[in-house]
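Colleague: What follows is a single structure, and I will ask about it in a moment.
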Amino acid sequence: MSEATIVVDGLRKRFGSTQALDGMTFTVQPGRITGFIGPNGAGKSTTMRVILGLDRPDSGAALVGGQPYRTLRRPLCHLGSLLDAAALQPSRTARNHLLWIAHSQGLGARRVDAVIEEAGLQGVARRAAGGFSLGMRQRLGIAMALLGDPPMLMLDEPFNGMDPEGIIWMRGFLRSLARQGRAVLVSSHLMSELQDAASQVVIVGRGRVLADTAVADLLRTSSSLEEAYLKLTRDAVEYRAANGTEAAR
Ligand SMILES: Nc1ncnc2c1ncn2[C@@H]1O[C@H](COP(=O)(O)OP(=O)(O)OP(=O)(O)O)[C@@H](O)[C@H]1O
């Protein structure tokens with residue numbers, strides 16, 4: 001098993017009457033971007049929370065480089081993650097925010113300045129994060145995820161709130177992370193955001209994998225990624241709409 005592989009194996013998780021995860025199973029390989037795509041409520045965030053040990057599955061397991069995330073001694077040096085870009089201490093500057101996390105992991109200021117540059121935050125690093133747009137918060141979240149120079153990255157909806165220029169930057173940036181050999185899992189509910197970035201897609205609906213395939217293979221059987229995605233997820237979207245849950249929003 002590669003050091004830099006995320007394995008999700010048969011996860012099941014129920015919240016009250018909602019079966020959020022229903023046998024979720026896939027592997028994220030190093031050196032490529034894996035798109036994690038599905039309609040609202042499909043179980044993407046729950047899967048990521050289980051990978052990080054923030055939610056406990058009813059059954060199944062998630063391993064990060066062969067180990068449960070909770071057992072890793074310096075977790076940020078294994079898996080960098082961005083789950084909620086809005087979750088920031090608003091009065092703290094971006095740089096101080098990064099310094100605070102870096103110190104908790106035994107990392108120094110030099111690493112902080114390196115990730116500020118990588119994420120394109122040089123011009124705003126000494127401004128309070130509370131005044132940041134969502135797009136800038138996403139960049140700060142990416143900088144945080146990179147602090148430990150981890151071989152694996154997991155980003156939940158990193159394109160949210162980004163303007164077209166930011167989206168193009170993000171795609172190129174994710175590609176460069178994969179070229180460096182990292183395993184990159186990126187969730188989105190829009191196939192188009194991952195166009196020209198992901199080489200593998202895990203399409204999910206109703207808590208389980210509907211397709212786990214190379215983008216090139218998907219394009220061989222459909223005229224566009226969007227068309228393939230809509231075909232695969234139609235049932236999941238209709239189910240959520242009929243049950244009055246948020247997929248209809
Ligand atoms: N803490 C919770 N309590 C109750 N229900 C929850 C909780 N977390 C998630 N759910 C439900 O589990 C299902 C899966 O949610 P999840 O957030 O994982 O989906 P998602 O694919 O990330 O969707 P979105 O794109 O809207 O974020 C949804 O029906 C959601 O309402």
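Chain lettering (A, B, ...) mirrors the order of the structure tokens, residue numbering begins at 1 for each chain separately, and ligand numbering begins at 1 in order of display.
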Write out as a PyMOL selection string which residues come within 8 Å of Ile6 of chain A when counting only C-alpha atoms, dropping same-chain ones fewer than 3 positions away.

Modeller: chain A and resi 27-29+62-66+152+183

Colleague: Report as number ranges by chain: the residues of segment 7-235 of chain A with a DSSP assignment of strand (DSSP E or B), based on the backbone of this structure.

Modeller: A: 7-15, 18-28, 32-37, 59-64, 67, 79-82, 93, 128, 152-156, 183-188, 200-205, 208-214

Colleague: For ligand 1, return the neighbouring residues as a ChimeraX atom specification (distance at most 10 Å; only C-alpha atoms and all ligand atoms).

Modeller: /A:13-21,36-50,55,156-157,187-190,204-207,240,243-249

Colleague: Please produce a file of those selected residues containing C-alpha atoms, as a JSON list (two decimals), in the first residue's frame.

Modeller:
```json
[["chain", "number", "residue", "atom", "x", "y", "z"],
["A", 13, "LYS", "CA", -23.31, 6.32, 8.50],
["A", 14, "ARG", "CA", -26.85, 7.15, 9.53],
["A", 15, "PHE", "CA", -28.08, 10.44, 11.00],
["A", 16, "GLY", "CA", -31.58, 9.75, 12.39],
["A", 17, "SER", "CA", -33.68, 8.69, 9.41],
["A", 18, "THR", "CA", -31.02, 9.78, 6.86],
["A", 19, "GLN", "CA", -28.63, 7.17, 5.51],
["A", 20, "ALA", "CA", -25.81, 9.64, 4.76],
["A", 21, "LEU", "CA", -23.28, 6.96, 3.76],
["A", 36, "PHE", "CA", -15.32, 13.68, -5.71],
["A", 37, "ILE", "CA", -18.56, 14.74, -7.29],
["A", 38, "GLY", "CA", -22.22, 14.46, -6.47],
["A", 39, "PRO", "CA", -25.36, 16.48, -5.85],
["A", 40, "ASN", "CA", -26.06, 18.21, -2.53],
["A", 41, "GLY", "CA", -26.60, 15.66, 0.21],
["A", 42, "ALA", "CA", -24.76, 12.86, -1.62],
["A", 43, "GLY", "CA", -22.42, 12.27, 1.33],
["A", 44, "LYS", "CA", -19.21, 14.01, 0.22],
["A", 45, "SER", "CA", -18.64, 16.12, 3.34],
["A", 46, "THR", "CA", -19.61, 13.26, 5.65],
["A", 47, "THR", "CA", -17.07, 11.01, 3.92],
["A", 48, "MET", "CA", -14.38, 13.67, 4.37],
["A", 49, "ARG", "CA", -15.30, 14.15, 8.02],
["A", 50, "VAL", "CA", -15.03, 10.40, 8.58],
["A", 55, "ASP", "CA", -17.47, 11.66, 12.42],
["A", 156, "ASP", "CA", -14.08, 20.19, 0.16],
["A", 157, "GLU", "CA", -15.54, 22.53, -2.49],
["A", 187, "SER", "CA", -15.09, 17.60, -3.92],
["A", 188, "SER", "CA", -17.51, 19.60, -5.99],
["A", 189, "HIS", "CA", -21.17, 19.49, -6.94],
["A", 190, "LEU", "CA", -20.30, 20.93, -10.35],
["A", 204, "VAL", "CA", -21.54, 9.70, -5.74],
["A", 205, "GLY", "CA", -25.23, 9.84, -4.93],
["A", 206, "ARG", "CA", -27.27, 8.74, -1.91],
["A", 207, "GLY", "CA", -24.18, 7.83, 0.08],
["A", 240, "ARG", "CA", -33.57, 13.83, -2.57],
["A", 243, "ASN", "CA", -37.83, 13.34, 0.13],
["A", 244, "GLY", "CA", -37.70, 17.09, 0.67],
["A", 245, "THR", "CA", -34.01, 17.26, 1.49],
["A", 246, "GLU", "CA", -31.52, 19.85, 0.41],
["A", 247, "ALA", "CA", -30.52, 18.28, -2.89],
["A", 248, "ALA", "CA", -33.38, 20.16, -4.44],
["A", 249, "ARG", "CA", -31.93, 23.53, -3.52]]
```

Colleague: Considering only C-alpha atoms, can you say which of A:Gly80, A:Pro90, A:Gly35, A:Gly181 comes closest to Val202 of chain A?

Modeller: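 Comparing A:Gly80, A:Pro90, A:Gly35, A:Gly181 against Val202 of chain A, the winner is A:Gly35.
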
Colleague: Just want the 12 Å neighbourhood of Val115 of chain A, counted on only C-alpha atoms, with same-chain residues fewer than 2 positions away dropped. Output as number ranges by chain.

Modeller: A: 94-95, 98-99, 102, 107-113, 117-122, 125, 139-149

Colleague: Create the file for the chosen residues now, containing N, CA and C atoms and written as a PDB file, in the first residue's frame.

Modeller:
```pdb
ATOM      1  N   ALA A  94      -3.925  36.659   8.399  1.00  0.00           N
ATOM      2  CA  ALA A  94      -3.730  35.375   7.709  1.00  0.00           C
ATOM      3  C   ALA A  94      -2.408  34.741   8.148  1.00  0.00           C
ATOM      4  N   ARG A  95      -1.354  35.576   8.229  1.00  0.00           N
ATOM      5  CA  ARG A  95      -0.035  35.027   8.589  1.00  0.00           C
ATOM      6  C   ARG A  95      -0.039  34.491  10.020  1.00  0.00           C
ATOM      7  N   LEU A  98      -1.732  31.181  10.229  1.00  0.00           N
ATOM      8  CA  LEU A  98      -0.862  30.098   9.759  1.00  0.00           C
ATOM      9  C   LEU A  98       0.242  29.801  10.783  1.00  0.00           C
ATOM     10  N   LEU A  99       0.787  30.864  11.399  1.00  0.00           N
ATOM     11  CA  LEU A  99       1.849  30.664  12.405  1.00  0.00           C
ATOM     12  C   LEU A  99       1.327  29.839  13.583  1.00  0.00           C
ATOM     13  N   ALA A 102       1.040  26.317  12.481  1.00  0.00           N
ATOM     14  CA  ALA A 102       2.384  25.777  12.246  1.00  0.00           C
ATOM     15  C   ALA A 102       3.048  25.410  13.573  1.00  0.00           C
ATOM     16  N   LEU A 107       6.220  23.354  13.256  1.00  0.00           N
ATOM     17  CA  LEU A 107       6.732  23.924  12.000  1.00  0.00           C
ATOM     18  C   LEU A 107       7.064  25.400  12.227  1.00  0.00           C
ATOM     19  N   GLY A 108       8.029  25.917  11.469  1.00  0.00           N
ATOM     20  CA  GLY A 108       8.500  27.280  11.709  1.00  0.00           C
ATOM     21  C   GLY A 108       7.934  28.310  10.744  1.00  0.00           C
ATOM     22  N   ALA A 109       8.332  29.570  10.948  1.00  0.00           N
ATOM     23  CA  ALA A 109       7.827  30.697  10.157  1.00  0.00           C
ATOM     24  C   ALA A 109       8.245  30.594   8.688  1.00  0.00           C
ATOM     25  N   ARG A 110       9.373  29.938   8.431  1.00  0.00           N
ATOM     26  CA  ARG A 110       9.818  29.840   7.035  1.00  0.00           C
ATOM     27  C   ARG A 110       8.800  29.048   6.201  1.00  0.00           C
ATOM     28  N   ARG A 111       8.262  28.004   6.799  1.00  0.00           N
ATOM     29  CA  ARG A 111       7.250  27.194   6.105  1.00  0.00           C
ATOM     30  C   ARG A 111       5.976  28.032   5.884  1.00  0.00           C
ATOM     31  N   VAL A 112       5.640  28.852   6.867  1.00  0.00           N
ATOM     32  CA  VAL A 112       4.458  29.715   6.750  1.00  0.00           C
ATOM     33  C   VAL A 112       4.627  30.652   5.559  1.00  0.00           C
ATOM     34  N   ASP A 113       5.797  31.281   5.449  1.00  0.00           N
ATOM     35  CA  ASP A 113       5.998  32.226   4.346  1.00  0.00           C
ATOM     36  C   ASP A 113       6.013  31.512   2.997  1.00  0.00           C
ATOM     37  N   GLU A 117       3.220  32.246  -0.131  1.00  0.00           N
ATOM     38  CA  GLU A 117       3.590  32.531  -1.516  1.00  0.00           C
ATOM     39  C   GLU A 117       2.926  31.532  -2.472  1.00  0.00           C
ATOM     40  N   GLU A 118       2.957  30.258  -2.105  1.00  0.00           N
ATOM     41  CA  GLU A 118       2.346  29.227  -2.974  1.00  0.00           C
ATOM     42  C   GLU A 118       0.867  29.506  -3.219  1.00  0.00           C
ATOM     43  N   ALA A 119       0.184  29.983  -2.181  1.00  0.00           N
ATOM     44  CA  ALA A 119      -1.263  30.213  -2.313  1.00  0.00           C
ATOM     45  C   ALA A 119      -1.573  31.613  -2.850  1.00  0.00           C
ATOM     46  N   GLY A 120      -0.549  32.385  -3.165  1.00  0.00           N
ATOM     47  CA  GLY A 120      -0.756  33.717  -3.744  1.00  0.00           C
ATOM     48  C   GLY A 120      -1.348  34.710  -2.758  1.00  0.00           C
ATOM     49  N   LEU A 121      -0.916  34.635  -1.486  1.00  0.00           N
ATOM     50  CA  LEU A 121      -1.486  35.507  -0.451  1.00  0.00           C
ATOM     51  C   LEU A 121      -0.523  36.596   0.018  1.00  0.00           C
ATOM     52  N   GLN A 122       0.584  36.784  -0.698  1.00  0.00           N
ATOM     53  CA  GLN A 122       1.619  37.721  -0.224  1.00  0.00           C
ATOM     54  C   GLN A 122       1.037  39.100   0.081  1.00  0.00           C
ATOM     55  N   ALA A 125      -1.328  38.930   3.459  1.00  0.00           N
ATOM     56  CA  ALA A 125      -0.989  38.054   4.591  1.00  0.00           C
ATOM     57  C   ALA A 125      -1.041  38.755   5.935  1.00  0.00           C
ATOM     58  N   ARG A 139      -8.090  30.410  -0.496  1.00  0.00           N
ATOM     59  CA  ARG A 139      -6.625  30.398  -0.665  1.00  0.00           C
ATOM     60  C   ARG A 139      -5.925  30.204   0.677  1.00  0.00           C
ATOM     61  N   LEU A 140      -6.474  30.858   1.713  1.00  0.00           N
ATOM     62  CA  LEU A 140      -5.884  30.693   3.045  1.00  0.00           C
ATOM     63  C   LEU A 140      -6.048  29.241   3.523  1.00  0.00           C
ATOM     64  N   GLY A 141      -7.208  28.673   3.227  1.00  0.00           N
ATOM     65  CA  GLY A 141      -7.444  27.266   3.583  1.00  0.00           C
ATOM     66  C   GLY A 141      -6.463  26.340   2.870  1.00  0.00           C
ATOM     67  N   ILE A 142      -6.178  26.651   1.610  1.00  0.00           N
ATOM     68  CA  ILE A 142      -5.210  25.855   0.845  1.00  0.00           C
ATOM     69  C   ILE A 142      -3.821  25.996   1.480  1.00  0.00           C
ATOM     70  N   ALA A 143      -3.484  27.233   1.873  1.00  0.00           N
ATOM     71  CA  ALA A 143      -2.176  27.462   2.510  1.00  0.00           C
ATOM     72  C   ALA A 143      -2.076  26.628   3.795  1.00  0.00           C
ATOM     73  N   MET A 144      -3.158  26.603   4.564  1.00  0.00           N
ATOM     74  CA  MET A 144      -3.162  25.814   5.804  1.00  0.00           C
ATOM     75  C   MET A 144      -2.973  24.331   5.498  1.00  0.00           C
ATOM     76  N   ALA A 145      -3.664  23.875   4.459  1.00  0.00           N
ATOM     77  CA  ALA A 145      -3.589  22.453   4.102  1.00  0.00           C
ATOM     78  C   ALA A 145      -2.171  22.059   3.690  1.00  0.00           C
ATOM     79  N   LEU A 146      -1.435  23.037   3.145  1.00  0.00           N
ATOM     80  CA  LEU A 146      -0.088  22.726   2.642  1.00  0.00           C
ATOM     81  C   LEU A 146       1.003  22.862   3.693  1.00  0.00           C
ATOM     82  N   LEU A 147       0.651  23.394   4.861  1.00  0.00           N
ATOM     83  CA  LEU A 147       1.681  23.706   5.867  1.00  0.00           C
ATOM     84  C   LEU A 147       2.641  22.548   6.144  1.00  0.00           C
ATOM     85  N   GLY A 148       2.101  21.378   6.331  1.00  0.00           N
ATOM     86  CA  GLY A 148       2.938  20.224   6.680  1.00  0.00           C
ATOM     87  C   GLY A 148       3.562  19.545   5.472  1.00  0.00           C
ATOM     88  N   ASP A 149       3.460  20.179   4.286  1.00  0.00           N
ATOM     89  CA  ASP A 149       3.974  19.612   3.033  1.00  0.00           C
ATOM     90  C   ASP A 149       3.509  18.156   2.872  1.00  0.00           C
TER      91      ASP A 149
END
```

Colleague: Write down as an NGL selection string the residues of segment 80-237 of chain A whose backbone DSSP state falls under alpha helix (DSSP H).

Modeller: :A and (94-104 or 109-118 or 134-146 or 164-179 or 215-221 or 225-237)

Colleague: Just write the chosen residues, C-alpha atoms, as a PDB file, in the first residue's frame.

Modeller:
```pdb
ATOM      1  CA  ALA A  94      -3.730  35.375   7.709  1.00  0.00           C
ATOM      2  CA  ARG A  95      -0.035  35.027   8.589  1.00  0.00           C
ATOM      3  CA  ASN A  96      -0.700  34.780  12.323  1.00  0.00           C
ATOM      4  CA  HIS A  97      -3.377  32.205  11.661  1.00  0.00           C
ATOM      5  CA  LEU A  98      -0.862  30.098   9.759  1.00  0.00           C
ATOM      6  CA  LEU A  99       1.849  30.664  12.405  1.00  0.00           C
ATOM      7  CA  TRP A 100      -0.534  29.490  15.117  1.00  0.00           C
ATOM      8  CA  ILE A 101      -1.259  26.211  13.296  1.00  0.00           C
ATOM      9  CA  ALA A 102       2.384  25.777  12.246  1.00  0.00           C
ATOM     10  CA  HIS A 103       3.586  26.045  15.845  1.00  0.00           C
ATOM     11  CA  SER A 104       1.089  23.406  16.951  1.00  0.00           C
ATOM     12  CA  ALA A 109       7.827  30.697  10.157  1.00  0.00           C
ATOM     13  CA  ARG A 110       9.818  29.840   7.035  1.00  0.00           C
ATOM     14  CA  ARG A 111       7.250  27.194   6.105  1.00  0.00           C
ATOM     15  CA  VAL A 112       4.458  29.715   6.750  1.00  0.00           C
ATOM     16  CA  ASP A 113       5.998  32.226   4.346  1.00  0.00           C
ATOM     17  CA  ALA A 114       6.477  29.492   1.738  1.00  0.00           C
ATOM     18  CA  VAL A 115       2.790  28.509   1.759  1.00  0.00           C
ATOM     19  CA  ILE A 116       1.697  32.161   1.736  1.00  0.00           C
ATOM     20  CA  GLU A 117       3.590  32.531  -1.516  1.00  0.00           C
ATOM     21  CA  GLU A 118       2.346  29.227  -2.974  1.00  0.00           C
ATOM     22  CA  LEU A 134     -14.646  33.667   0.315  1.00  0.00           C
ATOM     23  CA  GLY A 135     -12.181  33.233  -2.566  1.00  0.00           C
ATOM     24  CA  MET A 136      -9.344  34.573  -0.411  1.00  0.00           C
ATOM     25  CA  ARG A 137     -10.448  32.390   2.479  1.00  0.00           C
ATOM     26  CA  GLN A 138     -10.215  29.410   0.142  1.00  0.00           C
ATOM     27  CA  ARG A 139      -6.625  30.398  -0.665  1.00  0.00           C
ATOM     28  CA  LEU A 140      -5.884  30.693   3.045  1.00  0.00           C
ATOM     29  CA  GLY A 141      -7.444  27.266   3.583  1.00  0.00           C
ATOM     30  CA  ILE A 142      -5.210  25.855   0.845  1.00  0.00           C
ATOM     31  CA  ALA A 143      -2.176  27.462   2.510  1.00  0.00           C
ATOM     32  CA  MET A 144      -3.162  25.814   5.804  1.00  0.00           C
ATOM     33  CA  ALA A 145      -3.589  22.453   4.102  1.00  0.00           C
ATOM     34  CA  LEU A 146      -0.088  22.726   2.642  1.00  0.00           C
ATOM     35  CA  PRO A 164     -13.293  32.956 -12.918  1.00  0.00           C
ATOM     36  CA  GLU A 165      -9.651  33.992 -12.534  1.00  0.00           C
ATOM     37  CA  GLY A 166      -9.498  32.245  -9.151  1.00  0.00           C
ATOM     38  CA  ILE A 167     -11.015  29.078 -10.642  1.00  0.00           C
ATOM     39  CA  ILE A 168      -8.370  28.988 -13.376  1.00  0.00           C
ATOM     40  CA  TRP A 169      -5.646  29.590 -10.778  1.00  0.00           C
ATOM     41  CA  MET A 170      -7.042  26.831  -8.561  1.00  0.00           C
ATOM     42  CA  ARG A 171      -7.176  24.292 -11.399  1.00  0.00           C
ATOM     43  CA  GLY A 172      -3.552  24.988 -12.350  1.00  0.00           C
ATOM     44  CA  PHE A 173      -2.493  24.895  -8.717  1.00  0.00           C
ATOM     45  CA  LEU A 174      -4.188  21.548  -8.079  1.00  0.00           C
ATOM     46  CA  ARG A 175      -2.560  20.148 -11.223  1.00  0.00           C
ATOM     47  CA  SER A 176       0.867  21.224  -9.972  1.00  0.00           C
ATOM     48  CA  LEU A 177       0.221  19.499  -6.621  1.00  0.00           C
ATOM     49  CA  ALA A 178      -0.638  16.261  -8.426  1.00  0.00           C
ATOM     50  CA  ARG A 179       2.436  16.593 -10.665  1.00  0.00           C
ATOM     51  CA  VAL A 215     -12.226  11.067 -17.029  1.00  0.00           C
ATOM     52  CA  ALA A 216     -10.942   9.889 -20.423  1.00  0.00           C
ATOM     53  CA  ASP A 217     -13.123   6.755 -20.192  1.00  0.00           C
ATOM     54  CA  LEU A 218     -16.179   8.786 -19.215  1.00  0.00           C
ATOM     55  CA  LEU A 219     -15.668  10.990 -22.259  1.00  0.00           C
ATOM     56  CA  ARG A 220     -15.520   7.930 -24.509  1.00  0.00           C
ATOM     57  CA  THR A 221     -19.107   7.009 -23.616  1.00  0.00           C
ATOM     58  CA  LEU A 225     -18.560  15.207 -18.619  1.00  0.00           C
ATOM     59  CA  GLU A 226     -21.619  17.220 -17.644  1.00  0.00           C
ATOM     60  CA  GLU A 227     -23.898  14.896 -19.623  1.00  0.00           C
ATOM     61  CA  ALA A 228     -22.342  11.774 -18.076  1.00  0.00           C
ATOM     62  CA  TYR A 229     -22.647  13.263 -14.607  1.00  0.00           C
ATOM     63  CA  LEU A 230     -26.289  14.252 -15.040  1.00  0.00           C
ATOM     64  CA  LYS A 231     -27.170  10.800 -16.363  1.00  0.00           C
ATOM     65  CA  LEU A 232     -25.512   9.099 -13.409  1.00  0.00           C
ATOM     66  CA  THR A 233     -26.898  11.350 -10.690  1.00  0.00           C
ATOM     67  CA  ARG A 234     -30.455  11.907 -11.964  1.00  0.00           C
ATOM     68  CA  ASP A 235     -31.853   9.200  -9.711  1.00  0.00           C
ATOM     69  CA  ALA A 236     -30.057  10.551  -6.622  1.00  0.00           C
ATOM     70  CA  VAL A 237     -31.281  14.107  -7.277  1.00  0.00           C
TER      71      VAL A 237
END
```

Colleague: Taking only C-alpha atoms into account, which of A:Leu72, A:Val7, A:Val184, A:Ala87 comes nearest Ile51 of chain A?

Modeller: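 Comparing A:Leu72, A:Val7, A:Val184, A:Ala87 against Ile51 of chain A, the winner is A:Val7.
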
Colleague: Ranking A:Glu193, A:Arg74, A:Gly31, A:Leu54 by minimum distance to Gln180 of chain A and counting only C-alpha atoms, which one comes first?

Modeller: A:Gly31
